[in-house]
$ cat model.cif   # mmCIF, C-alpha atoms
data_target
loop_
_atom_site.label_atom_id
_atom_site.label_comp_id
_atom_site.auth_asym_id
_atom_site.auth_seq_id
_atom_site.Cartn_x
_atom_site.Cartn_y
_atom_site.Cartn_z
CA MET N 1 -154.37 -104.11 84.10
CA GLU N 2 -153.74 -107.04 81.76
CA LYS N 3 -152.93 -106.00 78.20
CA PRO N 4 -155.47 -106.99 75.50
CA ILE N 5 -152.70 -107.80 73.02
CA LYS N 6 -149.81 -110.11 73.88
CA TYR N 7 -146.95 -111.04 71.54
CA THR N 8 -144.69 -114.05 72.06
CA LYS N 9 -141.66 -114.68 69.87
CA GLN N 10 -141.34 -118.44 69.37
CA TYR N 11 -138.53 -118.79 66.82
CA SER N 12 -135.97 -116.58 65.14
CA ASP N 13 -133.62 -116.89 62.19
CA GLY N 14 -131.35 -113.87 62.09
CA ASN N 15 -133.71 -110.91 62.52
CA ALA N 16 -136.63 -112.83 60.99
CA ARG N 17 -139.00 -114.07 63.65
CA ALA N 18 -142.05 -116.31 64.03
CA GLY N 19 -144.45 -115.80 66.90
CA VAL N 20 -148.03 -115.53 68.04
CA ILE N 21 -150.21 -112.54 68.88
CA GLU N 22 -152.97 -113.19 71.40
CA THR N 23 -156.05 -110.97 70.99
CA PRO N 24 -159.58 -110.92 72.44
CA HIS N 25 -160.84 -112.57 69.23
CA GLY N 26 -158.19 -115.23 68.79
CA ILE N 27 -154.59 -116.13 68.02
CA ILE N 28 -152.58 -114.74 65.09
CA HIS N 29 -149.53 -116.66 63.86
CA THR N 30 -146.79 -114.39 62.55
CA PRO N 31 -145.50 -113.35 60.13
CA ILE N 32 -148.97 -112.53 58.83
CA PHE N 33 -150.60 -110.70 55.93
CA MET N 34 -153.85 -108.86 56.69
CA PRO N 35 -156.41 -108.61 53.86
CA VAL N 36 -157.96 -105.15 53.77
CA GLY N 37 -161.69 -104.92 54.42
CA THR N 38 -162.03 -101.21 53.73
CA GLN N 39 -165.80 -100.91 54.13
CA ALA N 40 -166.47 -103.92 56.39
CA THR N 41 -165.78 -106.24 53.47
CA VAL N 42 -162.73 -107.55 51.67
CA LYS N 43 -163.90 -106.70 48.17
CA THR N 44 -165.71 -109.61 46.45
CA MET N 45 -164.83 -112.06 49.27
CA THR N 46 -167.10 -113.53 51.95
CA PRO N 47 -165.84 -114.06 55.53
CA GLU N 48 -166.27 -117.78 54.95
CA GLU N 49 -163.90 -117.64 51.98
CA LEU N 50 -161.36 -115.68 54.02
CA ASN N 51 -161.55 -118.35 56.71
CA GLU N 52 -161.11 -121.05 54.08
CA MET N 53 -157.94 -119.48 52.68
CA GLY N 54 -156.44 -119.12 56.16
CA ALA N 55 -156.83 -115.42 56.98
CA GLU N 56 -156.36 -114.85 60.71
CA ILE N 57 -156.91 -111.08 60.90
CA ILE N 58 -158.33 -108.46 58.55
CA LEU N 59 -158.21 -104.68 58.50
CA GLY N 60 -161.09 -102.20 58.59
CA ASN N 61 -160.89 -98.56 57.56
CA THR N 62 -161.87 -95.94 60.12
CA TYR N 63 -162.34 -93.11 57.63
CA HIS N 64 -164.65 -95.06 55.31
CA LEU N 65 -166.67 -96.71 58.10
CA TYR N 66 -167.12 -93.36 59.84
CA LEU N 67 -168.60 -91.91 56.65
CA ARG N 68 -170.63 -94.99 55.74
CA PRO N 69 -172.51 -96.63 57.46
CA GLY N 70 -171.30 -94.75 60.56
CA ASP N 71 -169.42 -96.04 63.60
CA GLU N 72 -172.40 -95.47 65.92
CA LEU N 73 -174.57 -97.74 63.79
CA ILE N 74 -171.90 -100.45 63.91
CA ALA N 75 -171.65 -100.06 67.70
CA LYS N 76 -175.35 -100.92 67.98
CA PHE N 77 -174.50 -104.35 66.50
CA GLY N 78 -171.89 -104.89 69.22
CA HIS N 79 -168.72 -104.37 67.19
CA LEU N 80 -167.40 -104.58 63.65
CA GLN N 81 -166.90 -108.36 63.69
CA LYS N 82 -170.55 -108.99 64.53
CA PHE N 83 -171.69 -106.47 61.94
CA MET N 84 -169.81 -108.22 59.13
CA ASN N 85 -169.92 -111.82 60.44
CA TRP N 86 -166.16 -112.14 60.97
CA ASN N 87 -165.28 -114.11 64.11
CA LYS N 88 -161.53 -113.49 64.17
CA PRO N 89 -159.30 -110.52 65.09
CA MET N 90 -159.55 -107.14 63.38
CA LEU N 91 -157.28 -104.13 63.14
CA THR N 92 -158.60 -100.68 62.32
CA ASP N 93 -156.40 -97.94 60.92
CA SER N 94 -156.80 -94.41 62.25
CA GLY N 95 -158.18 -92.87 59.07
CA GLY N 96 -155.09 -90.71 58.79
CA PHE N 97 -153.77 -92.03 55.49
CA GLN N 98 -157.11 -91.58 53.73
CA ILE N 99 -157.55 -88.07 55.14
CA PHE N 100 -154.07 -86.98 54.11
CA SER N 101 -154.61 -88.49 50.67
CA LEU N 102 -157.47 -86.06 50.05
CA GLY N 103 -155.02 -83.32 49.11
CA ALA N 104 -156.85 -80.02 48.59
CA LEU N 105 -159.93 -81.42 50.31
CA ARG N 106 -158.26 -81.36 53.75
CA LYS N 107 -156.43 -79.02 56.12
CA ILE N 108 -154.18 -80.21 58.93
CA LYS N 109 -154.17 -78.22 62.16
CA GLU N 110 -152.78 -78.95 65.61
CA GLU N 111 -156.27 -79.85 66.83
CA GLY N 112 -156.81 -82.38 64.01
CA ALA N 113 -157.77 -82.74 60.36
CA TYR N 114 -160.55 -80.83 58.62
CA PHE N 115 -161.70 -82.43 55.39
CA ARG N 116 -164.50 -82.82 52.89
CA SER N 117 -166.00 -86.22 52.21
CA HIS N 118 -164.96 -87.79 48.92
CA LEU N 119 -168.57 -89.07 48.70
CA ASP N 120 -170.62 -85.87 48.83
CA GLY N 121 -168.29 -83.01 49.71
CA SER N 122 -169.71 -82.63 53.23
CA LYS N 123 -167.43 -81.11 55.88
CA HIS N 124 -165.92 -83.24 58.64
CA PHE N 125 -163.31 -83.05 61.40
CA ILE N 126 -161.29 -85.89 62.87
CA SER N 127 -159.00 -85.25 65.83
CA PRO N 128 -156.93 -87.87 67.67
CA GLU N 129 -159.79 -88.07 70.17
CA LYS N 130 -162.39 -88.51 67.42
CA SER N 131 -160.34 -91.20 65.69
CA ILE N 132 -160.15 -93.21 68.91
CA GLU N 133 -163.85 -92.65 69.61
CA ILE N 134 -164.68 -94.10 66.19
CA GLN N 135 -162.36 -97.06 66.72
CA ASN N 136 -163.81 -97.67 70.20
CA ASN N 137 -167.23 -97.83 68.56
CA LEU N 138 -165.92 -100.22 65.92
CA GLY N 139 -164.56 -102.47 68.67
CA SER N 140 -161.45 -103.66 66.81
CA ASP N 141 -158.83 -105.71 68.66
CA ILE N 142 -156.04 -103.41 67.48
CA MET N 143 -156.40 -99.66 66.99
CA MET N 144 -153.92 -97.24 65.43
CA VAL N 145 -152.99 -93.80 66.70
CA LEU N 146 -153.85 -90.89 64.42
CA ASP N 147 -150.59 -89.76 62.85
CA GLU N 148 -149.69 -87.20 60.25
CA CYS N 149 -148.87 -89.12 57.09
CA PRO N 150 -146.15 -87.15 55.27
CA PRO N 151 -145.97 -87.23 51.48
CA GLY N 152 -143.39 -89.54 49.96
CA LEU N 153 -139.83 -88.14 49.85
CA SER N 154 -140.74 -85.28 52.22
CA SER N 155 -137.89 -82.99 53.21
CA ARG N 156 -136.28 -82.96 56.65
CA GLU N 157 -137.76 -79.51 57.20
CA TYR N 158 -141.26 -80.89 56.67
CA LEU N 159 -140.72 -84.09 58.63
CA ILE N 160 -139.38 -82.69 61.91
CA PRO N 161 -142.53 -80.74 62.93
CA SER N 162 -144.67 -83.53 61.44
CA ILE N 163 -143.01 -86.12 63.70
CA GLU N 164 -143.46 -83.89 66.73
CA ARG N 165 -147.15 -83.48 65.94
CA THR N 166 -147.52 -87.24 65.51
CA THR N 167 -146.01 -87.68 68.99
CA ARG N 168 -148.41 -85.18 70.54
CA TRP N 169 -151.34 -86.81 68.77
CA ALA N 170 -150.24 -90.26 69.99
CA LYS N 171 -150.39 -89.00 73.59
CA ARG N 172 -153.88 -87.63 72.99
CA CYS N 173 -154.95 -90.98 71.50
CA ILE N 174 -153.76 -92.77 74.63
CA GLU N 175 -155.74 -90.43 76.85
CA ALA N 176 -158.85 -90.76 74.67
CA ASN N 177 -159.00 -94.58 74.69
CA LYS N 178 -162.06 -95.58 76.74
CA ASN N 179 -161.58 -99.31 76.21
CA PRO N 180 -157.89 -100.08 76.99
CA GLU N 181 -158.67 -103.44 78.59
CA LYS N 182 -160.13 -104.83 75.33
CA GLN N 183 -158.52 -102.81 72.53
CA GLY N 184 -154.79 -102.55 72.02
CA LEU N 185 -153.24 -99.36 70.61
CA PHE N 186 -150.31 -99.32 68.18
CA ALA N 187 -147.92 -96.40 67.77
CA ILE N 188 -146.71 -95.36 64.30
CA VAL N 189 -143.04 -94.55 63.70
CA GLN N 190 -142.50 -91.94 61.01
CA GLY N 191 -139.39 -90.18 59.71
CA GLY N 192 -139.30 -90.66 55.96
CA ILE N 193 -136.03 -91.96 54.53
CA TYR N 194 -133.83 -90.43 57.25
CA GLU N 195 -132.36 -92.73 59.89
CA ASP N 196 -131.94 -90.01 62.52
CA LEU N 197 -135.57 -88.89 62.10
CA ARG N 198 -136.75 -92.48 62.49
CA ASP N 199 -134.75 -92.48 65.74
CA LYS N 200 -136.40 -89.24 66.79
CA SER N 201 -139.89 -90.58 66.15
CA TYR N 202 -139.30 -93.89 67.89
CA THR N 203 -137.53 -92.33 70.89
CA GLU N 204 -140.39 -89.92 71.51
CA LEU N 205 -143.01 -92.66 71.19
CA PHE N 206 -141.07 -95.07 73.39
CA GLU N 207 -141.49 -92.71 76.33
CA MET N 208 -145.15 -93.84 76.22
CA ASP N 209 -144.31 -97.51 75.62
CA ASP N 210 -146.46 -98.89 78.46
CA ASN N 211 -149.54 -97.63 76.62
CA PHE N 212 -148.74 -99.30 73.29
CA SER N 213 -149.44 -102.90 72.35
CA GLY N 214 -147.28 -102.73 69.22
CA TYR N 215 -145.45 -100.49 66.78
CA ALA N 216 -146.11 -99.75 63.13
CA ILE N 217 -143.66 -98.43 60.57
CA GLY N 218 -145.39 -95.76 58.52
CA GLY N 219 -144.30 -93.58 55.63
CA LEU N 220 -142.79 -96.34 53.47
CA ALA N 221 -144.03 -97.70 50.13
CA VAL N 222 -145.30 -94.20 49.38
CA GLY N 223 -143.15 -93.39 46.36
CA GLU N 224 -139.61 -93.62 47.67
CA PRO N 225 -137.03 -95.72 45.75
CA ARG N 226 -137.08 -99.36 46.80
CA GLU N 227 -133.47 -99.22 47.98
CA ASP N 228 -134.42 -96.43 50.41
CA MET N 229 -137.38 -98.42 51.67
CA TYR N 230 -135.19 -101.46 52.32
CA ARG N 231 -132.49 -99.36 53.98
CA ILE N 232 -134.97 -97.80 56.41
CA LEU N 233 -136.55 -101.19 57.10
CA ALA N 234 -133.15 -102.68 57.90
CA TYR N 235 -132.33 -99.76 60.17
CA THR N 236 -135.64 -99.26 61.97
CA THR N 237 -137.27 -102.64 62.48
CA PRO N 238 -134.64 -104.31 64.71
CA LYS N 239 -134.76 -101.28 67.05
CA LEU N 240 -138.43 -101.80 67.86
CA PRO N 241 -139.29 -103.72 71.05
CA GLU N 242 -138.70 -107.47 70.91
CA ASN N 243 -141.79 -108.19 73.00
CA LYS N 244 -144.33 -106.38 70.82
CA PRO N 245 -145.64 -106.86 67.25
CA ARG N 246 -144.01 -104.90 64.43
CA TYR N 247 -146.33 -103.82 61.64
CA LEU N 248 -145.24 -102.52 58.22
CA MET N 249 -148.15 -100.51 56.84
CA GLY N 250 -149.36 -100.69 53.25
CA VAL N 251 -147.05 -103.35 51.78
CA GLY N 252 -148.42 -106.26 49.73
CA GLU N 253 -145.83 -107.03 47.05
CA PRO N 254 -144.24 -110.48 47.60
CA LEU N 255 -140.60 -109.41 47.28
CA ASP N 256 -141.09 -106.45 49.62
CA MET N 257 -142.87 -108.66 52.14
CA LEU N 258 -140.00 -111.14 52.30
CA GLU N 259 -137.53 -108.29 52.71
CA ALA N 260 -139.59 -106.95 55.59
CA ILE N 261 -139.75 -110.35 57.29
CA GLU N 262 -135.98 -110.70 57.00
CA HIS N 263 -135.59 -107.53 59.06
CA GLY N 264 -138.09 -108.56 61.76
CA VAL N 265 -141.52 -107.37 60.59
CA ASP N 266 -144.47 -109.43 61.88
CA MET N 267 -147.55 -107.90 60.20
CA MET N 268 -148.35 -106.36 56.83
CA ASP N 269 -151.45 -105.20 54.94
CA CYS N 270 -152.31 -103.83 51.53
CA VAL N 271 -155.19 -103.43 49.08
CA HIS N 272 -152.76 -104.36 46.31
CA PRO N 273 -153.54 -108.09 45.87
CA SER N 274 -157.31 -107.61 45.70
CA ARG N 275 -157.04 -104.50 43.52
CA ILE N 276 -154.83 -106.06 40.85
CA GLY N 277 -156.92 -109.26 41.04
CA ARG N 278 -160.08 -107.35 40.16
CA HIS N 279 -158.26 -106.05 37.09
CA GLY N 280 -157.04 -109.45 35.93
CA THR N 281 -153.50 -109.73 37.31
CA VAL N 282 -152.53 -112.64 39.56
CA PHE N 283 -149.45 -113.68 41.51
CA THR N 284 -147.83 -116.99 40.60
CA LYS N 285 -144.69 -118.85 41.61
CA TYR N 286 -143.04 -117.50 38.47
CA GLY N 287 -144.15 -113.89 38.73
CA ARG N 288 -147.26 -112.00 37.71
CA LEU N 289 -149.70 -113.24 35.10
CA VAL N 290 -152.21 -111.01 33.27
CA ILE N 291 -155.02 -113.47 32.72
CA LYS N 292 -156.86 -111.25 30.21
CA ASN N 293 -154.05 -111.68 27.66
CA LYS N 294 -154.97 -113.56 24.49
CA GLU N 295 -152.22 -116.15 24.99
CA TYR N 296 -154.40 -117.79 27.67
CA GLU N 297 -157.50 -118.15 25.49
CA TYR N 298 -157.02 -121.92 25.06
CA ASP N 299 -154.89 -122.56 28.16
CA ASP N 300 -156.22 -125.50 30.16
CA ARG N 301 -153.80 -125.12 33.07
CA PRO N 302 -154.61 -123.60 36.48
CA LEU N 303 -153.32 -120.15 37.34
CA ASP N 304 -150.39 -121.56 39.31
CA VAL N 305 -148.83 -124.64 40.83
CA ALA N 306 -150.88 -124.19 43.98
CA ASP N 307 -153.21 -126.17 46.18
CA ASN N 308 -156.01 -123.68 46.53
CA TYR N 309 -159.68 -123.67 45.59
CA VAL N 310 -159.20 -121.69 42.38
CA CYS N 311 -156.28 -123.72 41.04
CA ARG N 312 -157.99 -127.01 41.86
CA ASN N 313 -161.16 -126.13 39.98
CA TYR N 314 -160.65 -123.59 37.18
CA THR N 315 -158.51 -123.16 34.08
CA ARG N 316 -156.81 -120.06 32.81
CA ALA N 317 -159.00 -120.17 29.72
CA TYR N 318 -162.19 -120.11 31.81
CA ILE N 319 -161.03 -117.29 34.07
CA ARG N 320 -159.92 -115.29 31.03
CA HIS N 321 -163.38 -115.83 29.52
CA LEU N 322 -165.00 -114.48 32.70
CA PHE N 323 -162.95 -111.29 32.50
CA LYS N 324 -163.60 -110.81 28.80
CA ALA N 325 -167.35 -111.34 29.43
CA ASP N 326 -167.20 -108.87 32.35
CA GLU N 327 -168.49 -111.51 34.77
CA VAL N 328 -167.85 -110.72 38.44
CA LEU N 329 -166.87 -114.33 39.13
CA GLY N 330 -163.59 -113.68 37.31
CA GLN N 331 -162.77 -110.87 39.74
CA ARG N 332 -163.70 -113.09 42.68
CA LEU N 333 -161.53 -115.99 41.56
CA ALA N 334 -158.50 -113.78 40.86
CA THR N 335 -158.91 -111.99 44.19
CA TYR N 336 -159.24 -115.28 46.05
CA HIS N 337 -156.09 -116.59 44.40
CA ASN N 338 -154.04 -113.47 45.18
CA LEU N 339 -155.05 -113.32 48.82
CA TRP N 340 -154.38 -117.04 49.22
CA PHE N 341 -150.99 -116.58 47.54
CA LEU N 342 -149.84 -113.97 50.06
CA LEU N 343 -151.31 -115.78 53.06
CA ASN N 344 -149.57 -118.97 51.92
CA LEU N 345 -146.33 -117.06 51.37
CA MET N 346 -146.51 -115.99 55.02
CA ARG N 347 -147.18 -119.58 56.13
CA GLU N 348 -144.19 -120.83 54.15
CA ALA N 349 -142.00 -118.01 55.47
CA ARG N 350 -143.00 -118.87 59.04
CA GLU N 351 -142.13 -122.53 58.50
CA ALA N 352 -138.77 -121.55 56.99
CA ILE N 353 -137.99 -119.42 60.06
CA ILE N 354 -138.92 -122.31 62.35
CA GLN N 355 -136.58 -124.59 60.38
CA GLY N 356 -133.77 -122.01 60.40
CA ARG N 357 -133.69 -121.71 56.60
CA PHE N 358 -135.41 -118.40 55.90
CA LYS N 359 -132.54 -116.98 53.83
CA GLU N 360 -132.54 -120.03 51.53
CA PHE N 361 -136.34 -119.90 51.26
CA LYS N 362 -136.25 -116.22 50.31
CA GLU N 363 -133.53 -116.71 47.70
CA GLU N 364 -135.37 -119.65 46.13
CA PHE N 365 -138.64 -117.74 45.99
CA ILE N 366 -136.99 -114.70 44.39
CA ALA N 367 -135.18 -116.86 41.83
CA ASN N 368 -138.46 -118.40 40.72
CA TYR N 369 -140.61 -115.28 40.97
CA THR N 370 -138.29 -113.12 38.87
CA GLN N 371 -137.99 -115.65 36.03
CA GLY N 372 -141.30 -114.66 34.48
CA LYS N 373 -141.64 -118.14 32.93
CA ASN N 374 -145.33 -118.71 33.46
CA SER N 375 -145.56 -120.80 30.31
CA ASP N 376 -142.95 -123.34 31.41
CA TRP N 377 -143.98 -124.72 34.78
CA ILE N 378 -146.24 -127.53 33.53
CA LYS N 379 -145.39 -129.65 30.50
CA ALA N 380 -148.91 -129.69 29.17
CA LYS N 381 -150.32 -128.69 25.84
CA LYS N 382 -153.03 -126.13 25.46
CA ILE N 383 -156.46 -127.24 24.28
CA GLY N 384 -156.45 -127.31 20.50
CA GLU N 385 -152.72 -127.84 20.08
#

$ encode --input "model.cif" --output "C-alpha cells"
Amino acid sequence: MEKPIKYTKQYSDGNARAGVIETPHGIIHTPIFMPVGTQATVKTMTPEELNEMGAEIILGNTYHLYLRPGDELIAKFGHLQKFMNWNKPMLTDSGGFQIFSLGALRKIKEEGAYFRSHLDGSKHFISPEKSIEIQNNLGSDIMMVLDECPPGLSSREYLIPSIERTTRWAKRCIEANKNPEKQGLFAIVQGGIYEDLRDKSYTELFEMDDNFSGYAIGGLAVGEPREDMYRILAYTTPKLPENKPRYLMGVGEPLDMLEAIEHGVDMMDCVHPSRIGRHGTVFTKYGRLVIKNKEYEYDDRPLDVADNYVCRNYTRAYIRHLFKADEVLGQRLATYHNLWFLLNLMREAREAIIQGRFKEFKEEFIANYTQGKNSDWIKAKKIGE
C-alpha cells in the first residue's frame, strides 16, 4: 500500500534540512510553521488570508472539535477542509495535550482518559481507538497517536511507566486507523529531559516504524529550562528517521524555532503568535513590540521592516488606536503580522539551508532580534515631531 505522506529531503546544511512533504491535499515545503486552527479556525483569520500569507498546512484540535461541533457532523461535510473552506493540508492532534491539561477534571487509565468537558462539565472518555475514530471523521492528512503528556520536569519514576503506556497506546492507534491509505499517522517521542528515556521511547516506537508517516517530539516547551530543551533537541532529533518528517510540538518562539531547525526539525506549531497578537504584542526584526504602549501613539511607521499586507498599509499609531478602542481589527492585523512573520522566518531559513548558510542566517537573526531597538530601524520622525 502506498503511503499517504511522503517526505523527501532536498538540501541539508549540517543537521538543518530543507525538503518537501507530499500529502493528499498538496505539497508542504519544510521547514514549516503550522498556524493552529483550534476550532476549525485560526482565530480572527480567514482561510483566504492564510493562503495570502503563505501558510501551507494548519492544525486542527481533536479535543475541541469532538466537543463542538462534533466530528460526526464534520464528517457529513466530507472532511475538515471542506467544512472550513481550507484547500490545503491539515494536521490534527490527538486531543491528548488538552485532556491532560484539565488537571482534576480528568483521570488517566490504561484503557484511556476519562474527563469532564471544560464547556459544561459533561463526562467523556477518549481512548486511543476513540481518538483515531474522531480523526478519521475529521479526515486530516496527518493524524497523531494518543500519548500520555507528562507534566513538565516529571521525574524518571513517573516517566518510565508513562512512556510504556504511550507505546501501548500507539500500537492501539495503528490498529484503530480505518483510513491508512489517505491519512498518515505520526508517533510521539516522549521522555522528558532524560536522554536515555528519549532513547527508550523512540526505540519502542521504531519497532512499529512501517506504520508511521513521521515522528513528533513531545514533552518540550512545557516548563523545562531552555537549556534542557535545547539539549534534548540536539540529542533526539538527529536520531529520528532521515526519510520521515520530524515535528516539534507546541513551539512558536522565533529563537526556539531556529534552534530546532538547526538540529533537524521540519515542522512546528503553536498558538503563541496568534495569542500574543490578540493581546497587542507583535514580532519584529528587532524583537517584540507591545503596540498598546503610549510611545506609539503618534508613530507613523509600520510595525516592522517587512513586505506584508499589514506593514504595507497600516501605521503603528493606527493599530495602537484600534487596540485602545477595543476594535477587533487591531487583533486581526496583529495576528496576521505575527503569523506572516513566522511563516516568512521559515521561508528565509529554508533558503539559507539551500544556500548552505543557515548558521550565518541564524546568528544574524539572533543579533538583530535580541537588540530590542524597535525605535531605531527607520530614520523617520513621528507625526507631530

$ atom_distance --input "model.cif" --atom1 "atom CA of N:Tyr369" --atom2 "atom CA of N:Ile58"
25.9 Å

$ atom_distance --input "model.cif" --atom1 "atom CA of N:Thr315" --atom2 "atom CA of N:Arg301"
5.2 Å

$ closest_residue --input "model.cif" --among "N:Phe323, N:Ile5, N:Gln183, N:Phe83" --to "N:Val290" --atoms "all atoms listed in the file"
N:Phe323

$ residues_around --input "model.cif" --residues "N:Glu133" --least-positions-apart "4" --cutoff "9 Å" --atoms "all atoms listed in the file" --output "PyMOL selection string"
chain N and resi 71+128-129+137-138+176-178

$ resolve_selection --input "model.cif" --expression "the PyMOL selection byres ((chain N and resi 61) around 7)" --output "number ranges by chain"
N: 38-39, 59-60, 62-65, 92-93, 95

$ atom_distance --input "model.cif" --atom1 "atom CA of N:Pro89" --atom2 "atom CA of N:Tyr7"
13.9 Å

$ resolve_selection --input "model.cif" --expression "the PyMOL selection byres ((chain N and resi 24) around 12)" --output "PyMOL selection string"
chain N and resi 2-6+21-23+25-28+57+81+87-91+139-142+180-184

$ closest_residue --input "model.cif" --among "N:Asn15, N:Thr281, N:Thr8, N:Asn308" --to "N:Ala260" --atoms "all atoms listed in the file"
N:Asn15

$ residues_around --input "model.cif" --residues "N:Pro245" --least-positions-apart "3" --cutoff "7 Å" --atoms "all atoms listed in the file" --output "list of chain:residue names"
N:Tyr7, N:Gly214, N:Tyr215, N:Asp266

$ closest_residue --input "model.cif" --among "N:Ile163, N:Leu146, N:Leu329, N:Leu67" --to "N:Asp120" --atoms "all atoms listed in the file"
N:Leu67

$ residues_around --input "model.cif" --residues "stretch 194-203 of chain N" --least-positions-apart "3" --cutoff "9 Å" --atoms "only C-alpha atoms" --output "JSON list (two decimals) with C-alpha atoms, in the coordinates of the input"
[["chain", "number", "residue", "atom", "x", "y", "z"],
["N", 156, "ARG", "CA", -136.28, -82.96, 56.65],
["N", 159, "LEU", "CA", -140.72, -84.09, 58.63],
["N", 160, "ILE", "CA", -139.38, -82.69, 61.91],
["N", 163, "ILE", "CA", -143.01, -86.12, 63.70],
["N", 164, "GLU", "CA", -143.46, -83.89, 66.73],
["N", 166, "THR", "CA", -147.52, -87.24, 65.51],
["N", 167, "THR", "CA", -146.01, -87.68, 68.99],
["N", 187, "ALA", "CA", -147.92, -96.40, 67.77],
["N", 188, "ILE", "CA", -146.71, -95.36, 64.30],
["N", 189, "VAL", "CA", -143.04, -94.55, 63.70],
["N", 190, "GLN", "CA", -142.50, -91.94, 61.01],
["N", 191, "GLY", "CA", -139.39, -90.18, 59.71],
["N", 206, "PHE", "CA", -141.07, -95.07, 73.39],
["N", 207, "GLU", "CA", -141.49, -92.71, 76.33],
["N", 231, "ARG", "CA", -132.49, -99.36, 53.98],
["N", 232, "ILE", "CA", -134.97, -97.80, 56.41],
["N", 235, "TYR", "CA", -132.33, -99.76, 60.17],
["N", 236, "THR", "CA", -135.64, -99.26, 61.97],
["N", 239, "LYS", "CA", -134.76, -101.28, 67.05],
["N", 240, "LEU", "CA", -138.43, -101.80, 67.86]]

$ residues_around --input "model.cif" --residues "N:Arg350" --least-positions-apart "2" --cutoff "7 Å" --atoms "only C-alpha atoms" --output "compact mmCIF listing (two decimals) with C-alpha atoms, in the frame of the given file"
# COMPACT_ATOMS: atom_id res chain seq x y z
CA ALA N 18 -142.05 -116.31 64.03
CA THR N 30 -146.79 -114.39 62.55
CA PRO N 31 -145.50 -113.35 60.13
CA MET N 346 -146.51 -115.99 55.02
CA ARG N 347 -147.18 -119.58 56.13
CA GLU N 348 -144.19 -120.83 54.15
CA ALA N 352 -138.77 -121.55 56.99
CA ILE N 353 -137.99 -119.42 60.06
CA ILE N 354 -138.92 -122.31 62.35

$ closest_residue --input "model.cif" --among "N:Arg68, N:Leu255, N:Asp210, N:Glu148" --to "N:Ser101" --atoms "only C-alpha atoms"
N:Glu148

$ residues_around --input "model.cif" --residues "N:Ser274" --least-positions-apart "6" --cutoff "9 Å" --atoms "all atoms listed in the file" --output "list in words"
Pro35, Val36, Val42, Lys43, Thr44, Gln331, Arg332, Ala334, Thr335, Tyr336, Asn338 and Leu339 of chain N

$ write_last_selection --input "model.cif" --atoms "C-alpha atoms" --output "tab-separated table (two decimals), in the coordinates of the input"
chain	number	residue	atom	x	y	z
N	35	PRO	CA	-156.41	-108.61	53.86
N	36	VAL	CA	-157.96	-105.15	53.77
N	42	VAL	CA	-162.73	-107.55	51.67
N	43	LYS	CA	-163.90	-106.70	48.17
N	44	THR	CA	-165.71	-109.61	46.45
N	331	GLN	CA	-162.77	-110.87	39.74
N	332	ARG	CA	-163.70	-113.09	42.68
N	334	ALA	CA	-158.50	-113.78	40.86
N	335	THR	CA	-158.91	-111.99	44.19
N	336	TYR	CA	-159.24	-115.28	46.05
N	338	ASN	CA	-154.04	-113.47	45.18
N	339	LEU	CA	-155.05	-113.32	48.82

$ closest_residue --input "model.cif" --among "N:Val305, N:Lys285, N:His279, N:Ala113" --to "N:Asp326" --atoms "only C-alpha atoms"
N:His279

$ resolve_selection --input "model.cif" --expression "the PyMOL selection byres ((chain N and resi 152) around 7)" --output "list of chain:residue names"
N:Pro150, N:Pro151, N:Leu153, N:Ser154, N:Val222, N:Gly223, N:Glu224

$ closest_residue --input "model.cif" --among "N:Val251, N:Val265, N:Ile291, N:Ile134" --to "N:Ile74" --atoms "all atoms listed in the file"
N:Ile134

$ build_atoms --input "model.cif" --residues "stretch 49-60 of chain N" --atoms "N, CA and C atoms" --output "PDB file, in the frame of the given file"
ATOM      1  N   GLU N  49    -165.009-117.410  52.905  1.00  0.00           N
ATOM      2  CA  GLU N  49    -163.900-117.640  51.980  1.00  0.00           C
ATOM      3  C   GLU N  49    -162.572-117.215  52.597  1.00  0.00           C
ATOM      4  N   LEU N  50    -162.575-116.117  53.343  1.00  0.00           N
ATOM      5  CA  LEU N  50    -161.360-115.680  54.020  1.00  0.00           C
ATOM      6  C   LEU N  50    -160.905-116.712  55.044  1.00  0.00           C
ATOM      7  N   ASN N  51    -161.865-117.271  55.777  1.00  0.00           N
ATOM      8  CA  ASN N  51    -161.550-118.350  56.710  1.00  0.00           C
ATOM      9  C   ASN N  51    -160.946-119.539  55.973  1.00  0.00           C
ATOM     10  N   GLU N  52    -161.546-119.891  54.856  1.00  0.00           N
ATOM     11  CA  GLU N  52    -161.110-121.050  54.080  1.00  0.00           C
ATOM     12  C   GLU N  52    -159.680-120.896  53.599  1.00  0.00           C
ATOM     13  N   MET N  53    -159.294-119.690  53.195  1.00  0.00           N
ATOM     14  CA  MET N  53    -157.940-119.480  52.680  1.00  0.00           C
ATOM     15  C   MET N  53    -156.914-119.267  53.781  1.00  0.00           C
ATOM     16  N   GLY N  54    -157.372-119.196  55.045  1.00  0.00           N
ATOM     17  CA  GLY N  54    -156.440-119.120  56.160  1.00  0.00           C
ATOM     18  C   GLY N  54    -156.169-117.743  56.712  1.00  0.00           C
ATOM     19  N   ALA N  55    -157.007-116.759  56.393  1.00  0.00           N
ATOM     20  CA  ALA N  55    -156.830-115.420  56.980  1.00  0.00           C
ATOM     21  C   ALA N  55    -157.087-115.483  58.478  1.00  0.00           C
ATOM     22  N   GLU N  56    -156.225-114.847  59.256  1.00  0.00           N
ATOM     23  CA  GLU N  56    -156.360-114.850  60.710  1.00  0.00           C
ATOM     24  C   GLU N  56    -156.719-113.484  61.277  1.00  0.00           C
ATOM     25  N   ILE N  57    -156.555-112.438  60.490  1.00  0.00           N
ATOM     26  CA  ILE N  57    -156.910-111.080  60.900  1.00  0.00           C
ATOM     27  C   ILE N  57    -157.141-110.272  59.643  1.00  0.00           C
ATOM     28  N   ILE N  58    -158.120-109.380  59.668  1.00  0.00           N
ATOM     29  CA  ILE N  58    -158.330-108.460  58.550  1.00  0.00           C
ATOM     30  C   ILE N  58    -158.386-107.036  59.073  1.00  0.00           C
ATOM     31  N   LEU N  59    -158.287-106.094  58.155  1.00  0.00           N
ATOM     32  CA  LEU N  59    -158.210-104.680  58.500  1.00  0.00           C
ATOM     33  C   LEU N  59    -159.475-103.963  58.067  1.00  0.00           C
ATOM     34  N   GLY N  60    -159.971-103.073  58.925  1.00  0.00           N
ATOM     35  CA  GLY N  60    -161.090-102.200  58.590  1.00  0.00           C
ATOM     36  C   GLY N  60    -160.644-100.751  58.557  1.00  0.00           C
TER      37      GLY N  60
END
